[in-house]
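*Asks:* Please find input_21.csv (CSV, C-alpha atoms) on the next line:
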```csv
chain,number,residue,atom,x,y,z
R,97,MET,CA,39.5,34.8,30.6
R,98,SER,CA,40.3,37.4,27.9
R,99,GLN,CA,38.2,37.5,24.7
R,100,ASN,CA,41.3,36.7,22.6
R,101,LEU,CA,41.9,33.5,24.6
R,102,ILE,CA,38.2,32.5,24.3
R,103,ASP,CA,38.4,33.1,20.6
R,104,SER,CA,41.6,30.9,20.4
R,105,LEU,CA,39.9,28.1,22.3
R,106,THR,CA,36.8,28.3,20.1
R,107,ILE,CA,39.0,28.0,17.0
R,108,VAL,CA,40.8,25.0,18.5
R,109,GLY,CA,37.4,23.5,19.1
R,110,MET,CA,36.4,24.2,15.5
R,111,MET,CA,39.5,22.3,14.4
R,112,LEU,CA,38.8,19.4,16.7
R,113,VAL,CA,35.4,18.9,15.0
R,114,THR,CA,36.7,19.5,11.5
R,115,VAL,CA,39.6,17.1,11.3
R,116,PRO,CA,37.9,13.7,12.1
R,117,PRO,CA,35.4,13.9,9.2
R,118,ARG,CA,38.3,14.7,6.8
R,119,VAL,CA,40.8,12.1,8.0
R,120,LEU,CA,38.9,9.1,9.4
R,121,PRO,CA,37.4,8.0,6.1
R,122,LEU,CA,40.8,8.1,4.5
R,123,TRP,CA,42.2,5.8,7.2
R,124,LEU,CA,39.3,3.4,7.1
R,125,LEU,CA,38.2,3.3,3.5
R,126,SER,CA,41.6,3.3,1.7
R,127,GLN,CA,42.4,-0.2,2.9
R,128,LYS,CA,40.3,-2.1,0.4
R,129,PRO,CA,38.0,-1.3,-2.5
R,130,LEU,CA,34.5,-0.1,-1.5
R,131,PRO,CA,31.4,-2.1,-2.3
R,132,PRO,CA,30.3,-1.0,-5.8
R,133,LEU,CA,26.9,0.3,-4.6
R,134,LEU,CA,28.6,2.5,-2.0
R,135,ALA,CA,31.1,3.7,-4.5
R,136,ARG,CA,28.4,4.7,-6.9
R,137,TRP,CA,26.5,6.4,-4.2
R,138,LEU,CA,29.6,8.4,-3.2
R,139,SER,CA,30.2,9.4,-6.8
R,140,TYR,CA,27.1,11.7,-6.6
R,141,VAL,CA,28.1,13.3,-3.3
R,142,PRO,CA,30.4,16.0,-4.5
R,143,VAL,CA,28.0,17.7,-7.0
R,144,ALA,CA,25.1,17.2,-4.6
R,145,VAL,CA,26.9,18.8,-1.7
R,146,LEU,CA,28.1,21.8,-3.7
R,147,SER,CA,24.7,22.4,-5.2
R,148,ALA,CA,23.0,22.0,-1.8
R,149,MET,CA,25.2,24.8,-0.5
R,150,LEU,CA,24.7,27.0,-3.6
R,151,PHE,CA,20.9,27.1,-3.9
R,152,PRO,CA,20.2,28.6,-0.5
R,153,ALA,CA,23.1,31.0,-0.9
R,154,LEU,CA,21.7,32.3,-4.1
R,155,LEU,CA,18.0,32.2,-3.4
R,156,MET,CA,17.8,32.9,0.3
R,157,PRO,CA,20.5,35.5,0.8
R,158,GLU,CA,18.8,37.1,3.8
R,159,GLY,CA,17.4,33.9,5.2
R,160,ARG,CA,14.2,34.2,3.3
R,161,LEU,CA,13.2,33.1,-0.2
R,162,ALA,CA,14.0,35.9,-2.7
R,163,LEU,CA,13.0,34.8,-6.2
R,164,ARG,CA,12.9,38.4,-7.3
R,165,ALA,CA,14.4,40.6,-9.9
R,166,ASP,CA,16.1,42.7,-7.3
R,167,ASN,CA,18.1,39.7,-6.0
R,168,LEU,CA,21.4,40.6,-7.7
R,169,TYR,CA,22.9,37.1,-6.9
R,170,LEU,CA,20.5,35.6,-9.4
R,171,TRP,CA,21.7,37.9,-12.2
R,172,ALA,CA,25.4,37.4,-11.3
R,173,ALA,CA,24.9,33.7,-11.3
R,174,ILE,CA,24.2,33.8,-15.1
R,175,PRO,CA,27.6,34.9,-16.2
R,176,ALA,CA,29.2,32.8,-13.6
R,177,ILE,CA,27.4,29.7,-14.8
R,178,LEU,CA,28.2,30.5,-18.5
R,179,ALA,CA,31.9,31.0,-17.6
R,180,ALA,CA,32.0,27.8,-15.5
R,181,TRP,CA,30.3,25.8,-18.3
R,182,LYS,CA,32.6,27.1,-21.0
R,183,THR,CA,35.9,27.1,-19.2
R,184,ARG,CA,35.6,24.5,-16.4
R,185,ASN,CA,38.0,26.8,-14.5
R,186,LEU,CA,37.7,28.0,-11.0
R,187,PHE,CA,38.9,31.6,-11.2
R,188,LEU,CA,37.0,33.0,-14.3
R,189,PRO,CA,33.5,32.3,-13.0
R,190,VAL,CA,34.4,33.9,-9.7
R,191,LEU,CA,35.7,36.9,-11.6
R,192,ALA,CA,32.6,37.1,-13.9
R,193,GLY,CA,30.2,36.9,-11.0
R,194,VAL,CA,32.0,39.4,-8.8
R,195,ILE,CA,32.4,41.9,-11.6
R,196,THR,CA,28.7,41.5,-12.4
R,197,ILE,CA,27.6,42.2,-8.8
R,198,ALA,CA,29.9,45.2,-8.6
R,199,LEU,CA,28.6,46.7,-11.9
R,200,LEU,CA,25.0,46.0,-10.9
R,201,ARG,CA,25.5,47.8,-7.5
R,202,LEU,CA,27.0,50.7,-9.4
R,203,ALA,CA,24.0,50.9,-11.7
R,204,VAL,CA,21.1,50.2,-9.3
P,292,MET,CA,75.3,12.5,-14.0
P,293,ALA,CA,72.7,12.4,-16.8
P,294,GLU,CA,70.5,10.3,-14.6
P,295,SER,CA,70.6,12.8,-11.8
P,296,GLU,CA,69.9,15.6,-14.2
P,297,LEU,CA,66.9,13.7,-15.5
P,298,ALA,CA,65.7,13.2,-11.9
P,299,GLN,CA,66.1,17.0,-11.3
P,300,VAL,CA,64.0,17.8,-14.4
P,301,LYS,CA,61.3,15.4,-13.2
P,302,GLN,CA,61.4,16.9,-9.8
P,303,GLY,CA,61.0,20.3,-11.3
P,304,SER,CA,58.1,19.3,-13.5
P,305,VAL,CA,56.3,17.8,-10.5
P,306,TRP,CA,56.5,21.2,-8.7
P,307,LEU,CA,55.5,23.1,-11.8
P,308,GLN,CA,52.6,20.7,-12.4
P,309,GLY,CA,51.4,20.9,-8.8
P,310,ILE,CA,51.5,24.7,-8.8
P,311,THR,CA,49.9,25.1,-12.3
P,312,ARG,CA,47.1,22.8,-11.4
P,313,ALA,CA,46.4,24.6,-8.2
P,314,LEU,CA,46.6,28.1,-9.7
P,315,PRO,CA,42.8,28.6,-10.1
P,316,VAL,CA,42.3,27.4,-6.6
P,317,MET,CA,45.1,29.7,-5.4
P,318,LEU,CA,43.5,32.7,-7.0
P,319,GLY,CA,40.1,31.8,-5.7
P,320,TYR,CA,41.6,31.3,-2.2
P,321,LEU,CA,43.4,34.6,-2.2
P,322,THR,CA,40.1,36.3,-3.0
P,323,VAL,CA,37.8,34.4,-0.7
P,324,GLY,CA,40.5,34.3,2.0
P,325,PHE,CA,40.7,38.1,1.7
P,326,ALA,CA,36.9,38.3,2.1
P,327,TYR,CA,37.2,36.1,5.2
P,328,GLY,CA,40.0,38.3,6.6
P,329,VAL,CA,37.9,41.4,6.2
P,330,LEU,CA,35.0,39.8,7.9
P,331,ALA,CA,37.1,38.3,10.7
P,332,GLN,CA,38.6,41.7,11.4
P,333,GLU,CA,35.1,43.3,11.5
P,334,ALA,CA,34.1,40.5,13.9
P,335,GLY,CA,36.8,41.6,16.3
P,336,LEU,CA,39.1,38.7,15.9
P,337,SER,CA,42.8,39.4,16.6
P,338,LEU,CA,45.2,39.0,13.7
P,339,PHE,CA,46.7,36.0,15.5
P,340,ASN,CA,43.3,34.3,15.9
P,341,GLY,CA,42.1,35.2,12.4
P,342,VAL,CA,45.2,33.6,10.8
P,343,LEU,CA,45.1,30.7,13.3
P,344,MET,CA,41.7,29.7,12.0
P,345,SER,CA,43.0,29.7,8.4
P,346,VAL,CA,45.9,27.5,9.5
P,347,ILE,CA,44.2,24.9,11.7
P,348,VAL,CA,40.6,24.9,10.5
P,349,PHE,CA,41.1,25.7,6.8
P,350,ALA,CA,37.5,25.5,5.7
P,351,GLY,CA,36.0,28.5,3.7
P,352,SER,CA,32.3,28.4,4.5
P,353,ALA,CA,32.8,27.3,8.1
P,354,GLN,CA,35.3,30.1,8.7
P,355,LEU,CA,33.0,32.8,7.2
P,356,ILE,CA,30.2,31.5,9.3
P,357,GLY,CA,32.3,31.0,12.4
P,358,ALA,CA,33.9,34.5,12.2
P,359,GLY,CA,30.4,36.0,11.8
P,360,MET,CA,29.1,34.1,14.9
P,361,ILE,CA,32.1,35.2,16.9
P,362,GLY,CA,31.3,38.7,15.9
P,363,LEU,CA,27.8,38.3,17.1
P,364,GLY,CA,29.1,37.1,20.5
P,365,MET,CA,27.5,33.7,20.2
P,366,HIS,CA,28.4,30.8,22.6
P,367,PRO,CA,31.6,29.0,21.7
P,368,LEU,CA,29.8,25.6,21.9
P,369,SER,CA,27.2,26.8,19.4
P,370,ILE,CA,29.9,28.0,17.0
P,371,ILE,CA,31.8,24.6,17.3
P,372,ALA,CA,28.6,22.6,16.7
P,373,THR,CA,27.7,24.7,13.7
P,374,THR,CA,31.2,24.2,12.3
P,375,PHE,CA,30.9,20.5,12.8
P,376,ILE,CA,27.6,20.4,10.8
P,377,VAL,CA,28.9,22.7,8.1
P,378,ASN,CA,32.1,20.6,7.7
P,379,LEU,CA,30.4,17.2,8.0
P,380,ARG,CA,30.1,17.1,4.2
P,381,HIS,CA,33.9,16.5,4.1
P,382,LEU,CA,33.1,13.1,5.6
P,383,LEU,CA,31.4,12.3,2.3
P,384,MET,CA,34.1,13.8,0.2
P,385,SER,CA,36.8,12.0,2.1
P,386,ALA,CA,34.9,8.7,1.8
P,387,ALA,CA,34.5,9.3,-1.9
P,388,ILE,CA,38.2,10.0,-2.5
P,389,ALA,CA,39.6,7.4,-0.1
P,390,PRO,CA,39.6,4.4,-2.5
P,391,ARG,CA,41.7,6.4,-4.9
P,392,LEU,CA,44.6,7.0,-2.4
P,393,ARG,CA,46.3,3.7,-3.3
P,394,GLU,CA,49.3,2.8,-5.3
P,395,ASP,CA,50.6,-0.6,-6.3
P,396,ASN,CA,47.5,-2.1,-4.7
P,397,ARG,CA,48.4,-0.7,-1.3
P,398,PRO,CA,47.0,2.4,0.5
P,399,TRP,CA,49.3,5.4,1.0
P,400,PRO,CA,51.2,5.4,4.3
P,401,PRO,CA,49.1,6.7,7.3
P,402,ALA,CA,51.1,10.0,7.7
P,403,GLN,CA,50.4,10.8,4.0
P,404,LEU,CA,46.7,10.0,4.3
P,405,THR,CA,46.5,12.2,7.4
P,406,LEU,CA,48.2,15.2,5.7
P,407,PHE,CA,46.0,14.8,2.6
P,408,GLY,CA,42.9,14.7,4.9
P,409,LEU,CA,43.9,17.8,6.8
P,410,GLN,CA,44.0,19.8,3.5
P,411,LEU,CA,40.9,18.3,2.1
P,412,THR,CA,38.5,21.1,1.1
P,413,ASP,CA,35.7,21.4,-1.4
P,414,GLU,CA,38.2,22.9,-3.9
P,415,THR,CA,41.1,20.5,-3.4
P,416,PHE,CA,38.6,17.7,-3.5
P,417,ALA,CA,37.2,18.9,-6.8
P,418,LEU,CA,40.7,19.5,-8.2
P,419,HIS,CA,42.0,16.0,-7.3
P,420,SER,CA,38.9,13.9,-7.9
P,421,SER,CA,38.9,15.1,-11.6
P,422,SER,CA,42.6,14.1,-11.8
P,423,PHE,CA,42.1,10.7,-10.1
P,424,ALA,CA,39.2,10.1,-12.5
P,425,GLN,CA,41.7,10.6,-15.4
P,426,GLY,CA,44.2,8.1,-14.0
P,427,GLY,CA,46.2,10.1,-11.4
P,428,LEU,CA,49.4,12.0,-11.1
P,429,PRO,CA,52.7,11.5,-9.2
P,430,ARG,CA,51.7,11.6,-5.5
P,431,SER,CA,53.8,14.6,-4.6
P,432,THR,CA,51.8,16.7,-7.1
P,433,TYR,CA,48.8,16.5,-4.9
P,434,PHE,CA,50.7,17.6,-1.8
P,435,ILE,CA,52.4,20.5,-3.7
P,436,SER,CA,49.0,21.6,-5.0
P,437,ASN,CA,47.5,21.4,-1.4
P,438,ALA,CA,50.4,23.2,0.2
P,439,PHE,CA,50.2,26.1,-2.3
P,440,SER,CA,46.4,26.2,-2.0
P,441,GLN,CA,46.5,26.5,1.8
P,442,ALA,CA,49.4,29.0,1.7
P,443,SER,CA,47.2,31.2,-0.6
P,444,TRP,CA,44.3,30.9,1.8
P,445,VAL,CA,46.4,31.9,4.8
P,446,ILE,CA,48.1,34.8,2.9
P,447,GLY,CA,44.7,36.0,1.6
P,448,SER,CA,43.2,35.9,5.1
P,449,ALA,CA,46.1,37.9,6.6
P,450,MET,CA,45.9,40.5,3.9
P,451,GLY,CA,42.2,40.8,4.4
P,452,MET,CA,42.6,41.3,8.1
P,453,LEU,CA,45.3,43.9,7.6
P,454,ALA,CA,43.5,45.8,4.8
P,455,GLY,CA,40.0,45.4,6.3
P,456,SER,CA,40.3,48.3,8.7
P,457,LEU,CA,41.5,50.6,5.9
P,458,LEU,CA,38.8,49.7,3.3
P,459,GLY,CA,35.5,50.6,5.0
P,460,ASP,CA,32.4,49.4,3.2
P,461,LEU,CA,33.2,46.5,0.9
P,462,ARG,CA,29.7,45.6,-0.5
P,463,PRO,CA,30.3,47.6,-3.7
P,464,LEU,CA,33.2,45.2,-4.5
P,465,GLY,CA,30.9,42.2,-4.7
P,466,LEU,CA,33.1,40.0,-2.5
P,467,ASP,CA,30.0,38.6,-0.9
P,468,PHE,CA,29.4,36.7,-4.1
P,469,VAL,CA,32.8,34.9,-4.2
P,470,LEU,CA,31.6,31.9,-2.3
P,471,SER,CA,28.6,31.3,-4.5
P,472,ALA,CA,30.5,31.8,-7.7
P,473,MET,CA,33.1,29.3,-6.5
P,474,PHE,CA,30.4,26.7,-5.8
P,475,ILE,CA,29.1,27.2,-9.4
P,476,ALA,CA,32.6,26.8,-10.8
P,477,LEU,CA,33.3,23.6,-8.7
P,478,ILE,CA,30.0,22.0,-9.7
P,479,PHE,CA,30.9,22.4,-13.4
P,480,MET,CA,34.4,21.1,-12.8
P,481,GLN,CA,32.9,17.9,-11.3
P,482,LEU,CA,30.1,17.3,-13.9
P,483,GLN,CA,30.7,14.1,-15.9
P,484,SER,CA,27.1,13.2,-16.9
P,485,HIS,CA,23.6,14.6,-17.4
P,486,ARG,CA,22.4,12.5,-14.5
P,487,GLN,CA,24.9,14.1,-12.2
P,488,LEU,CA,23.5,17.5,-13.3
P,489,LEU,CA,20.0,16.4,-12.6
P,490,ILE,CA,21.0,15.1,-9.2
P,491,ALA,CA,22.8,18.3,-8.4
P,492,MET,CA,19.6,20.3,-9.3
P,493,LEU,CA,17.6,17.9,-7.1
P,494,ALA,CA,20.0,18.4,-4.2
P,495,GLY,CA,19.9,22.1,-4.6
P,496,VAL,CA,16.1,22.3,-4.7
P,497,LEU,CA,15.8,19.9,-1.7
P,498,SER,CA,18.3,21.9,0.3
P,499,LEU,CA,16.4,25.1,-0.5
P,500,ALA,CA,13.1,23.6,0.5
P,501,LEU,CA,14.5,22.3,3.8
P,502,ALA,CA,16.1,25.6,4.6
P,503,ALA,CA,13.0,27.5,3.7
P,504,GLY,CA,11.1,25.1,5.9
P,505,GLY,CA,13.2,25.9,8.9
P,506,LEU,CA,15.8,23.1,8.8
P,507,ARG,CA,18.8,25.4,8.7
P,508,GLN,CA,22.3,24.0,9.1
P,509,TRP,CA,21.1,20.4,8.4
P,510,ASN,CA,19.6,21.2,5.0
P,511,VAL,CA,22.9,20.6,3.1
P,512,ILE,CA,23.6,17.2,4.6
P,513,VAL,CA,20.0,15.9,4.4
P,514,ALA,CA,19.6,17.1,0.8
P,515,THR,CA,22.9,15.4,-0.2
P,516,LEU,CA,22.0,12.1,1.4
P,517,LEU,CA,18.6,12.1,-0.2
P,518,ALA,CA,19.8,13.1,-3.7
P,519,ALA,CA,22.6,10.6,-3.8
P,520,THR,CA,20.2,7.9,-2.7
P,521,VAL,CA,17.7,8.8,-5.4
P,522,ALA,CA,20.5,8.7,-7.9
P,523,VAL,CA,21.5,5.2,-7.0
P,524,ILE,CA,17.9,4.0,-7.0
P,525,ALA,CA,17.4,5.5,-10.4
P,526,GLU,CA,20.5,3.8,-11.7
P,527,GLU,CA,19.3,0.4,-10.3
P,528,LEU,CA,15.9,0.9,-12.0
P,529,THR,CA,17.2,1.8,-15.4
P,530,CYS,CA,19.8,-1.0,-15.3
P,531,ARG,CA,17.1,-3.5,-14.6
P,532,ARG,CA,14.9,-2.3,-17.4
P,533,THR,CA,17.6,-2.6,-20.0
```
How would this structure read if it were set down as structure tokens?

*Replies:*
Amino acid sequence: MSQNLIDSLTIVGMMLVTVPPRVLPLWLLSQKPLPPLLARWLSYVPVAVLSAMLFPALLMPEGRLALRADNLYLWAAIPAILAAWKTRNLFLPVLAGVITIALLRLAV
Amino acid sequence: MAESELAQVKQGSVWLQGITRALPVMLGYLTVGFAYGVLAQEAGLSLFNGVLMSVIVFAGSAQLIGAGMIGLGMHPLSIIATTFIVNLRHLLMSAAIAPRLREDNRPWPPAQLTLFGLQLTDETFALHSSSFAQGGLPRSTYFISNAFSQASWVIGSAMGMLAGSLLGDLRPLGLDFVLSAMFIALIFMQLQSHRQLLIAMLAGVLSLALAAGGLRQWNVIVATLLAATVAVIAEELTCRRT
């Protein structure tokens, strides 16, 4: 089998495991209102998921804890957080963070 | 005549609203999609396969991780299992948004629910859940926003793959920070209370501790489940006290 075909099949496999978690809850849980306790529990999920992905990305960039001044991600996070807090917009924090990283890499 | 003109204006404003709302996501997706395309090209994926992944998988972090693993020559089953775990968080998002996809006390038709689910990402979720929280928009607005968001993702990916071979070293551009910056932006777009911020911090610290302790790949889901549970228990306790 050619590598391209293996890659295509891998990607189809990735799709097959990605679709059910996205679609099944919509089919099953849109039929009637959720129990209030479950609804409240779910209301915390979005911020918790995002933050759980963010912390390791910032603080363990190479797979090891890097609470150090030479971890540029920590510095770039500051303008990104300020922009996110002030604007509640998606693009500006991304821009602020990426420009900071680029400038720091030029300077260091 | 006047009525049909009115209908046309309404139709136009739905398109405009859908696109305007999606604009930040579209710009973010062009950038992150571009970064993914560069990585996919470096990983040795063909243009067809790289774009195929953006069309049928459509999941930022999973695609960046998946392309990286393909580049390292890892076993397809291991790549698929990792994708499953990384994308399992959408189960929680889908469950959280499901009760909102109703109109006149009836759920949306199955085909619409399916299409909405296929295009459910962290970003479209963040975008729509804030709007549902404020009372909702015409249904087609959501589908227009989703379609334009995914189109940006696919176009960004293709451009990244085509440009990647020409650009050489991209680290100076800082594209490796795009994903983290997007997570930061999405957290703040979601925040509605101080307690949510506290719970977000808790989830982050837990996830970090679990990852540092060696529980890679599961850390996000376990930390989320724990933090949301702590939040509900804290709510129960404070309610009972007052």

*Asks:* Return the single residue from P:Asn396, P:Gln483, P:Ser440, P:Gln508 that is closest to Gln127 of chain R, with distances computed using only C-alpha atoms.

*Replies:*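 Closest candidate: P:Asn396.
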
*Asks:* Check the smallest atom-to-atom distance from each of P:Ala502, P:Ala372, P:Met452, P:Leu418 to Tyr433 of chain P using only C-alpha atoms, then report the winner.

*Replies:*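 For Tyr433 of chain P, the nearest of the given residues is P:Leu418.
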
*Asks:* Please, which residues are within 12 Å of (19.7, 9.0, -4.6) by the file's coordinates, counting all atoms listed in the file, and could they come as a ChimeraX atom specification?

*Replies:* /R:133-134,136-141,144 /P:486-487,489-491,493-494,497,513-528

*Asks:* Hey, can you spit out that residue selection with C-alpha atoms as an mmCIF file, keeping the file's coordinate frame?

*Replies:*
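File produced: again-v2.cif:
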```cif
data_model
loop_
_atom_site.group_PDB
_atom_site.id
_atom_site.type_symbol
_atom_site.label_atom_id
_atom_site.label_comp_id
_atom_site.auth_asym_id
_atom_site.auth_seq_id
_atom_site.Cartn_x
_atom_site.Cartn_y
_atom_site.Cartn_z
ATOM 1 C CA LEU R 133 26.900 0.300 -4.600
ATOM 2 C CA LEU R 134 28.600 2.500 -2.000
ATOM 3 C CA ARG R 136 28.400 4.700 -6.900
ATOM 4 C CA TRP R 137 26.500 6.400 -4.200
ATOM 5 C CA LEU R 138 29.600 8.400 -3.200
ATOM 6 C CA SER R 139 30.200 9.400 -6.800
ATOM 7 C CA TYR R 140 27.100 11.700 -6.600
ATOM 8 C CA VAL R 141 28.100 13.300 -3.300
ATOM 9 C CA ALA R 144 25.100 17.200 -4.600
ATOM 10 C CA ARG P 486 22.400 12.500 -14.500
ATOM 11 C CA GLN P 487 24.900 14.100 -12.200
ATOM 12 C CA LEU P 489 20.000 16.400 -12.600
ATOM 13 C CA ILE P 490 21.000 15.100 -9.200
ATOM 14 C CA ALA P 491 22.800 18.300 -8.400
ATOM 15 C CA LEU P 493 17.600 17.900 -7.100
ATOM 16 C CA ALA P 494 20.000 18.400 -4.200
ATOM 17 C CA LEU P 497 15.800 19.900 -1.700
ATOM 18 C CA VAL P 513 20.000 15.900 4.400
ATOM 19 C CA ALA P 514 19.600 17.100 0.800
ATOM 20 C CA THR P 515 22.900 15.400 -0.200
ATOM 21 C CA LEU P 516 22.000 12.100 1.400
ATOM 22 C CA LEU P 517 18.600 12.100 -0.200
ATOM 23 C CA ALA P 518 19.800 13.100 -3.700
ATOM 24 C CA ALA P 519 22.600 10.600 -3.800
ATOM 25 C CA THR P 520 20.200 7.900 -2.700
ATOM 26 C CA VAL P 521 17.700 8.800 -5.400
ATOM 27 C CA ALA P 522 20.500 8.700 -7.900
ATOM 28 C CA VAL P 523 21.500 5.200 -7.000
ATOM 29 C CA ILE P 524 17.900 4.000 -7.000
ATOM 30 C CA ALA P 525 17.400 5.500 -10.400
ATOM 31 C CA GLU P 526 20.500 3.800 -11.700
ATOM 32 C CA GLU P 527 19.300 0.400 -10.300
ATOM 33 C CA LEU P 528 15.900 0.900 -12.000
#
```

*Asks:* Nearest residue to Val496 of chain P out of R:Pro121, R:Gly159, R:Pro152, R:Pro175, using all atoms listed in the file?

*Replies:*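 Using all atoms listed in the file, the shortest distance to Val496 of chain P belongs to R:Pro152.
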
*Asks:* Which one of P:Leu343, P:Ile361, P:Cys530, P:Leu382 sits closest to chain R if you count all atoms listed in the file?

*Replies:*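 For chain R, the nearest of the candidates is P:Leu382.
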
*Asks:* Here's a test: counting only C-alpha atoms, identify every protein, DNA and RNA residue with an atom at most 9 Å from (40.4, 39.9, 11.7) in the file's coordinate frame, and state them as a ChimeraX atom specification.

*Replies:* /P:327-342,358,448-449,451-453,455-456

*Asks:* Between atom CA of Thr405 of chain P and atom CA of Leu105 of chain R, measure the distance and give it in Å to one decimal.

*Replies:*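 Separation of atom CA of Thr405 of chain P and atom CA of Leu105 of chain R: 22.8 Å.
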
*Asks:* Figure out the distance between atom CA of Ala438 of chain P and atom CA of Ala313 of chain P, please, to one decimal in Å.

*Replies:*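 Answer for the atom CA of Ala313 of chain P to atom CA of Ala438 of chain P separation: 9.4 Å.
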